[in-house]
Amino acid sequence: MYLPNCFLMSVLLMIADGFSVKGPSGPLVAPLGSSLILPCYVDELLPVEGLEVAWRRADSETLVHLYQDGESRPESQQQDYRDRAHFFTDQIQHGNFSLHLDNLTAEDEGQYTCRVYSQQDSGESVVEIRNVERLVVSDSGESISVSVDMDVTLSCSVSSHITPEEVSWKKTDENKDILVLLFQNNETLSDSSDERYRDRVEFFTAEIPKGNFSLRLKSVRTEDKGVYMCQVFAGGLSANATVVLERLSFSVSHVMVLILCIAASGSALLLFFIIHYKLQYAIEFSVDSSYYSIFAPMGYSVVLPCYVATSLPKEGLKVEWRRTDSDALVYVYQDGDDESRPENQQQDYHDRAHLFTESMKHGNFSLHLDKMKAEDAGKYTCEVYSKQRSVLSIDVELFVGFRVENNFVPLGDSADLPCFVDKSLLTEDLKVEWRRTDSETLVHLYQDGESRPESQHQDYRDRANFFTDQIQHGNFSLCLDKVTAEDEGQYTCKVYSQQDCVFSSTAKLKMGWLLQGPSAPLVVPLGSSVVLPCYVDKSLLTKNLKVKWRKPDSRSLVHLYNNGEIRSESQPQDYRDRAHFFTEEIQHGNFSLRLDNLRAEDNGQYICTIYNQQDSVKVISTNTDLALRYGMSNPGFLNCWGLAAKEKCVVLYDYTPEVDDELELFKGETIEILKKTKSGWWMGKKNSQKGFFPSNCVKKNDPLNDSFVTKCVRTPGHLHVFLPNIMMFVAFVLWGVTE
């Protein structure tokens, strides 16, 4: 809980012979860092001629502000008060000589005198500012233990209404301090971190406005143990908190696995010999399934994925793409023809549906669908036949709806537009308005302590609602039910107190497509092609647009678009003639990358970053994972199949369940995701408890930490011979991975 930072003001009134100078009847309270009015006034009107008002520090006679010869004299102020202390100039003629003091600091403590001179008379009042609460920085109060390679959060919270000028995390190492991470001038300076911590530390950016400067330390190493200090500078004050990361050692499970591995080494070597000499492996790529959950605006092109793990002969090859709901033929390839058969193709897909004919020899039968329309929503099936035998059938689905924040809302569902207000603003005269930014249409109104549905525009009546039970917590988010295409646009939430706008935020409903691919990861063979998606809104297509495709693990530039041109000469040799943009699609905002002739070295993460160079702002960044996997080409010896690693997420905010079937969440916990739904409520598992939780309270784990493993089981006739060896080999691999 934050302790209130306050100033207690006491006023002493002195009465002169000719007139009395008055102040407030009681003490005034204001938070540290805010503005304060020091009252000083007279009941009778004084002539302006010869009038002089001087505000001074009583302890040092420092001149705070001066009114003389009919005007304020800021040039006479002491430097510390310049641009902070002001008269109410238009009120002086009415006898109001109060002083407006901005950005209160600890140094402002003390007594102030307001002396008023008028011809032969004078008077004064004394105002005292005292009892300033000091800056408070707190930590968790406990030492932290963590295993090697895990992530850990070091707690640090600031109890102040002032935004800190600087927050630094340092590690005490013998006789010197190592800079771990620095926050300065409202910006995180990652480049200033010591190289031992660079790319491994980060703040929780969304929490900084709440005073939370906790540090996330990723992939903990043994040398990370020690004492960490969080030092805060704010309003001329400084304070710090320390966190101890205890000595790191192997866990009991590590020791047990080590003993098991030593005992299993002979069996593991035997199994390796058998696999190496008896089985033939096919090296393939597993494409991260998040690649096939992408959003593209209306009118854009999308690629519906369909890959076969092995090359198929042209003779007897047939590929059909159909609408699953209507069985309409979208595209057909047969008997080596490089073009579709228009006599069988539904008219609506003529000139819009294409295959990547050059990549078909590598098993790539993905469909390129241009100029997307609302009627294209639905499920699509890719059927591949070789010599009249079906070798692959895969389904993908296209949904039409809105992107809100990071969530997709299908047409007809409910969309939540966020608006959160600080509890300190929750007063009786509070007024909250939600309006359409483009037309100023009133969507909803909160006034005089209650919702005002009678004030809503007719189109939003019975559709737009506040979360009534959350208003007391400052949550004025809007729930918009049964969203339609006409709801697309930008919405503004404005908060008024005493007729002044004290807070404003915007939310955008962007209509487009969500491509939902197959639940299992797709397999792409070596030597084939793959499309890595990246889209940008057409409104951002300017001459100053710059698009970079890069591979962060090797710091390699894969491809570049700059100043309206594709810059092939900037590509490294490894990607020249292999990585291509879809040139004709760039005008529509499609910067997807086609990577041909896949090699084992292409394994890794690829990031597409789009910049608006005029404003030096990163517009969008997307990433795709290509992970090598090994599959069996001799299924007669072993039966193998791929299992996707369990999908997990990290809790960003605490959540208290409101019904029995919901999970209680605490910040920093890891939740296993069992099922996702379009409503934004996911089913998850924590320890042995299962239940639902809101997806906007969590963040998915880094896809680089997700893996794709192959589990092999002996056919029943030999299972009892090889199962122990397989278990020992898996244990050996687990030890290597964890260490």
# chains A, B, ... in the order shown; residues from 1 in each chain; ligands from 1
>>> residues_around(residues="Gly226 (chain A)", least_positions_apart="3", cutoff="8 Å", atoms="only C-alpha atoms", output="PyMOL selection string")
chain A and resi 171-173+244-247
>>> residues_around(residues="Arg352 (chain A)", least_positions_apart="2", cutoff="10 Å", atoms="only C-alpha atoms", output="count of residues only")
14
>>> closest_residue(among="A:Asn364, A:Arg452, A:Asn186, A:Glu223", to="Thr205 (chain A)", atoms="only C-alpha atoms")
A:Asn186
>>> atom_distance(atom1="CA of Ser477 (chain A)", atom2="CA of Thr153 (chain A)")
29.3 Å
>>> atom_distance(atom1="CA of Arg221 (chain A)", atom2="CA of Glu601 (chain A)")
27.6 Å
>>> residues_around(residues="Pro657 (chain A)", least_positions_apart="6", cutoff="12 Å", atoms="only C-alpha atoms", output="short mmCIF file (atom, residue, chain, number, x, y, z; two decimals) with N, CA and C atoms, in the first residue's frame")
data_model
loop_
_atom_site.label_atom_id
_atom_site.label_comp_id
_atom_site.auth_asym_id
_atom_site.auth_seq_id
_atom_site.Cartn_x
_atom_site.Cartn_y
_atom_site.Cartn_z
N LEU A 663 -9.86 -19.75 -12.61
CA LEU A 663 -8.58 -19.87 -11.90
C LEU A 663 -8.22 -18.55 -11.25
N GLU A 664 -7.64 -18.61 -10.05
CA GLU A 664 -7.08 -17.43 -9.42
C GLU A 664 -5.65 -17.25 -9.89
N LEU A 665 -5.32 -16.05 -10.41
CA LEU A 665 -4.00 -15.80 -10.99
C LEU A 665 -3.21 -14.84 -10.12
N PHE A 666 -1.90 -15.11 -10.03
CA PHE A 666 -0.99 -14.21 -9.34
C PHE A 666 0.14 -13.86 -10.30
N GLY A 691 -9.25 -24.60 -14.82
CA GLY A 691 -10.31 -23.61 -14.86
C GLY A 691 -10.09 -22.60 -15.96
N PHE A 692 -11.01 -21.65 -16.07
CA PHE A 692 -10.93 -20.60 -17.09
C PHE A 692 -10.23 -19.37 -16.53
N PHE A 693 -9.63 -18.59 -17.43
CA PHE A 693 -8.98 -17.33 -17.04
C PHE A 693 -8.98 -16.38 -18.23
N PRO A 694 -8.96 -15.04 -17.99
CA PRO A 694 -8.96 -14.06 -19.10
C PRO A 694 -7.60 -14.01 -19.77
#
>>> atom_distance(atom1="CA of Asn687 (chain A)", atom2="CA of Val148 (chain A)")
21.4 Å
>>> residues_around(residues="Asp139 (chain A)", least_positions_apart="4", cutoff="10 Å", atoms="only C-alpha atoms", output="PDB file with all heavy atoms, in the first residue's frame")
ATOM      1  N   LEU A 154      12.947  -9.604  -9.863  1.00  0.00           N
ATOM      2  CA  LEU A 154      13.462  -8.901  -8.688  1.00  0.00           C
ATOM      3  C   LEU A 154      12.555  -7.702  -8.448  1.00  0.00           C
ATOM      4  O   LEU A 154      12.440  -6.815  -9.286  1.00  0.00           O
ATOM      5  CB  LEU A 154      14.909  -8.448  -8.921  1.00  0.00           C
ATOM      6  CG  LEU A 154      15.880  -9.516  -9.453  1.00  0.00           C
ATOM      7  CD1 LEU A 154      17.286  -8.942  -9.567  1.00  0.00           C
ATOM      8  CD2 LEU A 154      15.882 -10.743  -8.551  1.00  0.00           C
ATOM      9  N   SER A 155      11.888  -7.657  -7.260  1.00  0.00           N
ATOM     10  CA  SER A 155      10.838  -6.676  -7.006  1.00  0.00           C
ATOM     11  C   SER A 155      11.405  -5.332  -6.576  1.00  0.00           C
ATOM     12  O   SER A 155      12.369  -5.259  -5.809  1.00  0.00           O
ATOM     13  CB  SER A 155       9.882  -7.189  -5.924  1.00  0.00           C
ATOM     14  OG  SER A 155       9.250  -8.372  -6.350  1.00  0.00           O
ATOM     15  N   CYS A 156      10.764  -4.259  -7.068  1.00  0.00           N
ATOM     16  CA  CYS A 156      11.102  -2.884  -6.673  1.00  0.00           C
ATOM     17  C   CYS A 156       9.921  -1.994  -7.011  1.00  0.00           C
ATOM     18  O   CYS A 156       9.550  -1.877  -8.181  1.00  0.00           O
ATOM     19  CB  CYS A 156      12.367  -2.406  -7.378  1.00  0.00           C
ATOM     20  SG  CYS A 156      12.797  -0.670  -6.999  1.00  0.00           S
ATOM     21  N   SER A 157       9.293  -1.377  -5.991  1.00  0.00           N
ATOM     22  CA  SER A 157       8.166  -0.488  -6.232  1.00  0.00           C
ATOM     23  C   SER A 157       8.420   0.855  -5.567  1.00  0.00           C
ATOM     24  O   SER A 157       9.019   0.928  -4.496  1.00  0.00           O
ATOM     25  CB  SER A 157       6.855  -1.101  -5.710  1.00  0.00           C
ATOM     26  OG  SER A 157       6.949  -1.350  -4.319  1.00  0.00           O
ATOM     27  N   VAL A 158       7.966   1.930  -6.229  1.00  0.00           N
ATOM     28  CA  VAL A 158       8.203   3.300  -5.774  1.00  0.00           C
ATOM     29  C   VAL A 158       6.896   3.880  -5.268  1.00  0.00           C
ATOM     30  O   VAL A 158       5.892   3.893  -5.993  1.00  0.00           O
ATOM     31  CB  VAL A 158       8.762   4.169  -6.924  1.00  0.00           C
ATOM     32  CG1 VAL A 158       9.017   5.588  -6.434  1.00  0.00           C
ATOM     33  CG2 VAL A 158      10.030   3.559  -7.471  1.00  0.00           C
ATOM     34  N   SER A 214      10.074  -3.366 -11.087  1.00  0.00           N
ATOM     35  CA  SER A 214      10.640  -4.704 -10.905  1.00  0.00           C
ATOM     36  C   SER A 214      11.412  -5.116 -12.158  1.00  0.00           C
ATOM     37  O   SER A 214      11.085  -4.717 -13.268  1.00  0.00           O
ATOM     38  CB  SER A 214       9.524  -5.716 -10.624  1.00  0.00           C
ATOM     39  OG  SER A 214       8.846  -5.377  -9.425  1.00  0.00           O
ATOM     40  N   MET A 229      20.766  -3.946  -6.216  1.00  0.00           N
ATOM     41  CA  MET A 229      20.205  -2.719  -5.629  1.00  0.00           C
ATOM     42  C   MET A 229      19.380  -1.966  -6.668  1.00  0.00           C
ATOM     43  O   MET A 229      19.822  -1.736  -7.789  1.00  0.00           O
ATOM     44  CB  MET A 229      21.312  -1.810  -5.109  1.00  0.00           C
ATOM     45  CG  MET A 229      20.790  -0.474  -4.549  1.00  0.00           C
ATOM     46  SD  MET A 229      22.100   0.659  -4.025  1.00  0.00           S
ATOM     47  CE  MET A 229      22.734  -0.229  -2.622  1.00  0.00           C
ATOM     48  N   CYS A 230      18.162  -1.591  -6.255  1.00  0.00           N
ATOM     49  CA  CYS A 230      17.283  -0.734  -7.057  1.00  0.00           C
ATOM     50  C   CYS A 230      17.339   0.666  -6.454  1.00  0.00           C
ATOM     51  O   CYS A 230      16.844   0.879  -5.346  1.00  0.00           O
ATOM     52  CB  CYS A 230      15.849  -1.279  -7.053  1.00  0.00           C
ATOM     53  SG  CYS A 230      14.630  -0.195  -7.818  1.00  0.00           S
ATOM     54  N   ASN A 240      16.609   3.585  -1.971  1.00  0.00           N
ATOM     55  CA  ASN A 240      16.958   2.333  -2.634  1.00  0.00           C
ATOM     56  C   ASN A 240      16.399   1.144  -1.886  1.00  0.00           C
ATOM     57  O   ASN A 240      15.991   1.253  -0.722  1.00  0.00           O
ATOM     58  CB  ASN A 240      18.484   2.209  -2.800  1.00  0.00           C
ATOM     59  CG  ASN A 240      19.211   2.135  -1.467  1.00  0.00           C
ATOM     60  OD1 ASN A 240      19.127   1.137  -0.751  1.00  0.00           O
ATOM     61  ND2 ASN A 240      19.921   3.208  -1.123  1.00  0.00           N
ATOM     62  N   ALA A 241      16.371   0.025  -2.576  1.00  0.00           N
ATOM     63  CA  ALA A 241      15.971  -1.260  -1.990  1.00  0.00           C
ATOM     64  C   ALA A 241      16.911  -2.320  -2.553  1.00  0.00           C
ATOM     65  O   ALA A 241      17.444  -2.178  -3.651  1.00  0.00           O
ATOM     66  CB  ALA A 241      14.522  -1.586  -2.339  1.00  0.00           C
ATOM     67  N   THR A 242      17.132  -3.376  -1.787  1.00  0.00           N
ATOM     68  CA  THR A 242      18.046  -4.438  -2.220  1.00  0.00           C
ATOM     69  C   THR A 242      17.323  -5.776  -2.284  1.00  0.00           C
ATOM     70  O   THR A 242      16.378  -6.030  -1.524  1.00  0.00           O
ATOM     71  CB  THR A 242      19.258  -4.566  -1.275  1.00  0.00           C
ATOM     72  OG1 THR A 242      18.795  -4.820   0.052  1.00  0.00           O
ATOM     73  CG2 THR A 242      20.090  -3.302  -1.297  1.00  0.00           C
ATOM     74  N   VAL A 243      17.769  -6.613  -3.208  1.00  0.00           N
ATOM     75  CA  VAL A 243      17.243  -7.967  -3.371  1.00  0.00           C
ATOM     76  C   VAL A 243      18.431  -8.921  -3.437  1.00  0.00           C
ATOM     77  O   VAL A 243      19.410  -8.643  -4.142  1.00  0.00           O
ATOM     78  CB  VAL A 243      16.395  -8.101  -4.648  1.00  0.00           C
ATOM     79  CG1 VAL A 243      15.868  -9.522  -4.791  1.00  0.00           C
ATOM     80  CG2 VAL A 243      15.250  -7.107  -4.644  1.00  0.00           C
TER      81      VAL A 243
END
>>> residues_around(residues="Glu585 (chain A)", least_positions_apart="3", cutoff="12 Å", atoms="only C-alpha atoms", output="NGL selection string")
:A and (299-302 or 368-371 or 534-536 or 538 or 580-582 or 588-593)
>>> closest_residue(among="A:Leu182, A:Ala54, A:Leu411, A:Val530", to="Ser72 (chain A)", atoms="only C-alpha atoms")
A:Ala54
>>> select_by_dssp(residues="region 280-509 of chain A", states="strand (DSSP E or B)", output="PyMOL selection string")
chain A and resi 281-287+293-297+302-304+307+317-323+329-334+353-355+364+367-369+378-386+389-404+407-410+415-417+420+431-436+442-447+450-451+464-466+475+478-480+489-497+500-509
>>> residues_around(residues="Val201 (chain A)", least_positions_apart="3", cutoff="9 Å", atoms="only C-alpha atoms", output="list in words")
Val180, Leu181, Ser190, Ser193, Tyr197, Arg198, Leu215, Arg216, Leu217 and Lys218 of chain A
